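Read the structure below first, then the notes.
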Amino acid sequence: MIPTSDRLSRWTPAIFVCALVNFGFGLALSVSGFAWPLAPASAPASLAMVHTLTIGWLTLLMFGALFQFVPVITARALPSQIWPLATLIGVESGLVSMIGGFLALGRGGAAALLLPAGGGLVTLAVLLGAGALLVPLIAKRPAPLSARFVLAGLGFLLLTVLLGLAFAVALTVPALGPALGPGLAVLLGDGLGDHVLAGIGGWFTLTAIGVSYELLPMFMLAPHDRGALGVAVLVSGAGGFFVAFGAGLGGIISPGGGVWLAEQIGRLAIVLALGLYLLDVARLYRSRRRQQIELHNRAAIGAFVALGLAVLLALGAVAFGHLTALAPTLVLLLLLGWLSGLGVTQLYKIVAFLAWLSRYGSQLGRHPVPRVQDLVNEPGSRGVFALYFASVAIAALAAMLGWPEVTRAALALTLLAVALLAREYLRAWRAHYARAAKPAPDRPLPIPPPQGARR
């Protein structure tokens, strides 16, 4: 726990540590050969790997960032510091139970009940975390654009965990009576795509867009107001994901041409939203006032490229009927390239900023202190970010070509890059590089000239 103001989360650093450990464990499952790509995607170890990455890594990462981010954009405190801690404990304990349940699938016995029990714990933890965030978000009027993205993302998070809990029950308790059992069986067979759409699309992507709309302008000194283009991304994205998700579930219950058409409209709206978002990000980079872009935002370009490639690949796969065959490549691009890539790059700055705030924030103005940039080693970290995105690109290409051993080797390099980045985060937290840096000069800041004055 770190000393912060009552508007910040004291447990965010601990959440980030647990998320990174889960990230490494999920990749290690894949590299070990027990999970995909050497094992089938439906194998118990593969299911454990996927949920370790989505729940243990990305969901915890999102919550850790939002517990820090939402009080800042709303200027309102979280209702209690206990809620983030309870969210962390619930997600971690539920995930451990789920992993045990996945590994026990097909063996029978009471151990299989670990899966729905863990799913219930994760659902409860998500409700606690979402409730803590909704208190300041709902109280803020008018809600800024980034806050509206977060609200939409939280809605899809609830849909994702509830659908996942239904899957867990269907997998472990098939005989639930004549009415409920068959319905869950159909949902398990045909609802996986909607589960992925709500999680990777609605929860992760919408939330990541909202956070990026705040962090990128903040650190690049670009305009925060995204105007009509930002609103179009929100309306098209949230609306598209909702229509596609609803039509997908509706098609399971009552298949028909109208449902299929609605699903296609929703997918087109999603593609439009992501295309507009990437255009807006390019506009944001061009309109920045900071001449030298810091390393974390230069590296983040790799995440935006991965998102663009995933959109183009998905369009081609749908057009030529190869969506199922290319699903592993798309998942790699979205989970590791886009979402995890944006996460590891922004963590590079967030951890340094939190470390600076906890160590030097109270000393500002009293005597010279290091800058936030002095807590990181950008020249030494460039190669690590290059290794991360290059290894993800190789893994995605190898998965598309059907080379599982190459995919596994590339993911081993991704795991190495994550370990090296974790070391850099730890060094930033301990102010390892600041000890060798010269303190910033203790002099007053320059006063900008009046608007309209001659240079």
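Ordering of the structure tokens sets the chain letters (A, B, ...), residue numbers begin anew at 1 in every chain, and ligands are numbered from 1 in the order given.
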
Residues at most 10 Å from Phe219 (chain A), counting only C-alpha atoms, excluding those fewer than 5 positions away in the same chain, as a PyMOL selection string?
chain A and resi 214+288-290+293-294+296-297+349

Can you write just those residues out, C-alpha atoms, as a compact mmCIF listing (two decimals), in the first residue's frame?
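Output saved as again_34.txt:
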# COMPACT_ATOMS: atom_id res chain seq x y z
CA GLU A 214 -7.12 10.34 -21.62
CA ARG A 288 0.65 16.87 -30.20
CA ARG A 289 2.58 19.81 -28.76
CA ARG A 290 5.35 17.64 -27.30
CA ILE A 293 7.41 11.53 -28.08
CA GLU A 294 8.28 9.50 -24.99
CA HIS A 296 5.91 4.39 -24.11
CA ASN A 297 3.86 6.29 -26.67
CA LYS A 349 4.80 5.45 -17.75

Give me the residues within 12 Å of Gly101 (chain A) as a PyMOL selection string, counting only C-alpha atoms and dropping any in the same chain fewer than 3 places off.
chain A and resi 44-45+47-48+51+94-98+104-119+168-169+171-172

Just the residues within 12 Å of Phe67 (chain A), please, counting only C-alpha atoms, with nothing from its chain fewer than 5 positions along; format it as a PyMOL selection string.
chain A and resi 6-16+60-62+72-74+76-85+87-88+128-137+150+211

When DSSP is applied to the backbone of this structure, which of region 107-209 of chain A are assigned alpha helix (DSSP H)? Write them out as a PyMOL selection string.
chain A and resi 114-139+145-172+180-190+192-196+206-209

Near Leu215 (chain A), counting only C-alpha atoms, which residues have an atom at most 12 Å away, once you skip same-chain residues fewer than 4 positions from it, shown as JSON, numbers by chain?
{"A": [65, 66, 68, 69, 70, 72, 73, 146, 208, 209, 210, 211, 219, 220, 221, 222, 223, 224, 281, 284, 296, 297, 300, 342, 343, 345, 346, 347, 349, 350]}

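Within 12 Å of Arg359 (chain A), once only C-alpha atoms are used and residues closer than 3 positions along the same chain are dropped, the contacting residues are Ile2, Pro3, Thr4, Ala352, Phe353, Leu354, Ala355, Trp356, Ser362, Gln363, Leu364, Val369, Pro370, Arg371, Val372, Leu375, Ala428, Trp429, Arg430, Ala431 and Ala434 of chain A.
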
File dump, residues just selected, N, CA and C atoms, as a PDB file, in the first residue's frame:
ATOM      1  N   ILE A   2       0.531   2.258  -0.778  1.00  0.00           N
ATOM      2  CA  ILE A   2       1.347   3.460  -0.855  1.00  0.00           C
ATOM      3  C   ILE A   2       0.543   4.647  -0.355  1.00  0.00           C
ATOM      4  N   PRO A   3       1.201   5.674   0.187  1.00  0.00           N
ATOM      5  CA  PRO A   3       0.484   6.857   0.629  1.00  0.00           C
ATOM      6  C   PRO A   3       0.066   7.697  -0.560  1.00  0.00           C
ATOM      7  N   THR A   4      -1.219   7.860  -0.758  1.00  0.00           N
ATOM      8  CA  THR A   4      -1.738   8.682  -1.839  1.00  0.00           C
ATOM      9  C   THR A   4      -2.882   9.506  -1.293  1.00  0.00           C
ATOM     10  N   ALA A 352       6.094   4.518 -13.403  1.00  0.00           N
ATOM     11  CA  ALA A 352       7.059   5.574 -13.092  1.00  0.00           C
ATOM     12  C   ALA A 352       6.367   6.775 -12.447  1.00  0.00           C
ATOM     13  N   PHE A 353       5.186   7.128 -12.950  1.00  0.00           N
ATOM     14  CA  PHE A 353       4.462   8.267 -12.383  1.00  0.00           C
ATOM     15  C   PHE A 353       4.011   7.982 -10.955  1.00  0.00           C
ATOM     16  N   LEU A 354       3.485   6.768 -10.702  1.00  0.00           N
ATOM     17  CA  LEU A 354       3.067   6.422  -9.348  1.00  0.00           C
ATOM     18  C   LEU A 354       4.258   6.389  -8.400  1.00  0.00           C
ATOM     19  N   ALA A 355       5.384   5.893  -8.886  1.00  0.00           N
ATOM     20  CA  ALA A 355       6.590   5.873  -8.048  1.00  0.00           C
ATOM     21  C   ALA A 355       7.040   7.294  -7.723  1.00  0.00           C
ATOM     22  N   TRP A 356       7.025   8.159  -8.730  1.00  0.00           N
ATOM     23  CA  TRP A 356       7.410   9.543  -8.501  1.00  0.00           C
ATOM     24  C   TRP A 356       6.456  10.212  -7.508  1.00  0.00           C
ATOM     25  N   SER A 362       5.309  14.845  -2.355  1.00  0.00           N
ATOM     26  CA  SER A 362       5.204  15.750  -1.203  1.00  0.00           C
ATOM     27  C   SER A 362       6.393  16.693  -1.094  1.00  0.00           C
ATOM     28  N   GLN A 363       7.487  16.404  -1.816  1.00  0.00           N
ATOM     29  CA  GLN A 363       8.688  17.238  -1.736  1.00  0.00           C
ATOM     30  C   GLN A 363       8.732  18.320  -2.815  1.00  0.00           C
ATOM     31  N   LEU A 364       7.779  18.267  -3.739  1.00  0.00           N
ATOM     32  CA  LEU A 364       7.795  19.203  -4.859  1.00  0.00           C
ATOM     33  C   LEU A 364       7.642  20.637  -4.348  1.00  0.00           C
ATOM     34  N   VAL A 369      13.833  17.798  -7.114  1.00  0.00           N
ATOM     35  CA  VAL A 369      13.507  16.364  -7.144  1.00  0.00           C
ATOM     36  C   VAL A 369      13.712  15.856  -8.568  1.00  0.00           C
ATOM     37  N   PRO A 370      13.913  14.547  -8.739  1.00  0.00           N
ATOM     38  CA  PRO A 370      14.041  14.008 -10.097  1.00  0.00           C
ATOM     39  C   PRO A 370      12.747  14.189 -10.884  1.00  0.00           C
ATOM     40  N   ARG A 371      12.873  14.151 -12.196  1.00  0.00           N
ATOM     41  CA  ARG A 371      11.692  14.153 -13.053  1.00  0.00           C
ATOM     42  C   ARG A 371      11.155  12.733 -13.166  1.00  0.00           C
ATOM     43  N   VAL A 372       9.923  12.619 -13.640  1.00  0.00           N
ATOM     44  CA  VAL A 372       9.363  11.283 -13.875  1.00  0.00           C
ATOM     45  C   VAL A 372      10.225  10.529 -14.880  1.00  0.00           C
ATOM     46  N   LEU A 375      13.152   8.290 -13.790  1.00  0.00           N
ATOM     47  CA  LEU A 375      12.917   7.008 -13.136  1.00  0.00           C
ATOM     48  C   LEU A 375      12.936   5.842 -14.113  1.00  0.00           C
ATOM     49  N   ALA A 428      11.860   1.160 -11.949  1.00  0.00           N
ATOM     50  CA  ALA A 428      11.217   2.475 -11.865  1.00  0.00           C
ATOM     51  C   ALA A 428      10.568   2.670 -10.503  1.00  0.00           C
ATOM     52  N   TRP A 429       9.916   1.631  -9.998  1.00  0.00           N
ATOM     53  CA  TRP A 429       9.249   1.738  -8.697  1.00  0.00           C
ATOM     54  C   TRP A 429      10.250   2.002  -7.573  1.00  0.00           C
ATOM     55  N   ARG A 430      11.429   1.405  -7.689  1.00  0.00           N
ATOM     56  CA  ARG A 430      12.465   1.593  -6.662  1.00  0.00           C
ATOM     57  C   ARG A 430      13.369   2.789  -6.936  1.00  0.00           C
ATOM     58  N   ALA A 431      13.062   3.571  -7.966  1.00  0.00           N
ATOM     59  CA  ALA A 431      13.861   4.747  -8.343  1.00  0.00           C
ATOM     60  C   ALA A 431      15.308   4.369  -8.601  1.00  0.00           C
ATOM     61  N   ALA A 434      16.943   6.892 -10.951  1.00  0.00           N
ATOM     62  CA  ALA A 434      16.945   8.271 -10.453  1.00  0.00           C
ATOM     63  C   ALA A 434      18.146   8.552  -9.574  1.00  0.00           C
TER      64      ALA A 434
END

So which residues touch Leu279 (chain A) within 12 Å, counting only C-alpha atoms, skipping near sequence neighbours fewer than 5 positions away, as an MDAnalysis selection string?
chainID A and resid 226 229:230 232:233 272:274 284:286 304:305 308

How would the residues just picked look written out with N, CA and C atoms as a CSV table (one decimal), in the first residue's frame?
chain,number,residue,atom,x,y,z
A,226,ARG,N,-12.0,15.3,-28.3
A,226,ARG,CA,-11.9,14.5,-29.5
A,226,ARG,C,-13.0,14.9,-30.5
A,229,LEU,N,-15.6,13.2,-33.9
A,229,LEU,CA,-15.0,11.9,-34.3
A,229,LEU,C,-15.0,11.0,-33.0
A,230,GLY,N,-14.6,11.5,-31.9
A,230,GLY,CA,-14.6,10.7,-30.7
A,230,GLY,C,-16.0,10.2,-30.3
A,232,ALA,N,-18.4,9.7,-32.4
A,232,ALA,CA,-18.8,8.7,-33.4
A,232,ALA,C,-18.2,7.4,-33.1
A,233,VAL,N,-16.9,7.4,-32.6
A,233,VAL,CA,-16.3,6.1,-32.2
A,233,VAL,C,-17.1,5.5,-31.1
A,272,LEU,N,-16.4,0.1,-38.4
A,272,LEU,CA,-16.4,1.6,-38.6
A,272,LEU,C,-15.8,2.3,-37.4
A,273,ALA,N,-16.2,1.8,-36.2
A,273,ALA,CA,-15.7,2.5,-35.0
A,273,ALA,C,-14.2,2.3,-34.8
A,274,LEU,N,-13.7,1.1,-35.1
A,274,LEU,CA,-12.3,0.9,-34.9
A,274,LEU,C,-11.5,1.6,-36.0
A,284,LEU,N,-4.3,12.5,-33.3
A,284,LEU,CA,-3.9,12.9,-32.0
A,284,LEU,C,-2.3,13.0,-32.0
A,285,TYR,N,-1.7,12.0,-32.6
A,285,TYR,CA,-0.2,12.0,-32.7
A,285,TYR,C,0.3,13.2,-33.5
A,286,ARG,N,-0.4,13.6,-34.6
A,286,ARG,CA,0.0,14.7,-35.4
A,286,ARG,C,-0.2,16.0,-34.7
A,304,PHE,N,-1.4,-0.2,-31.9
A,304,PHE,CA,-2.4,0.3,-32.9
A,304,PHE,C,-2.2,-0.3,-34.2
A,305,VAL,N,-1.0,-0.7,-34.6
A,305,VAL,CA,-0.8,-1.4,-35.8
A,305,VAL,C,-1.4,-2.8,-35.7
A,308,GLY,N,-5.1,-2.5,-36.2
A,308,GLY,CA,-5.4,-2.3,-37.6
A,308,GLY,C,-5.3,-3.6,-38.4

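Using only C-alpha atoms for every distance, the candidate list A:Cys18, A:Leu276, A:Leu413, A:Ala317 yields A:Cys18 as the residue closest to Thr59 (chain A).
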
Please determine, counting only C-alpha atoms, which residue among A:Phe389, A:Ala399, A:Ala303, A:Phe167 has the shortest atom-to-atom distance to Ser212 (chain A).
A:Ala303

Pairwise distance for CA of Ala417 (chain A) and CA of Phe204 (chain A), rounded to one decimal in Å
22.1 Å
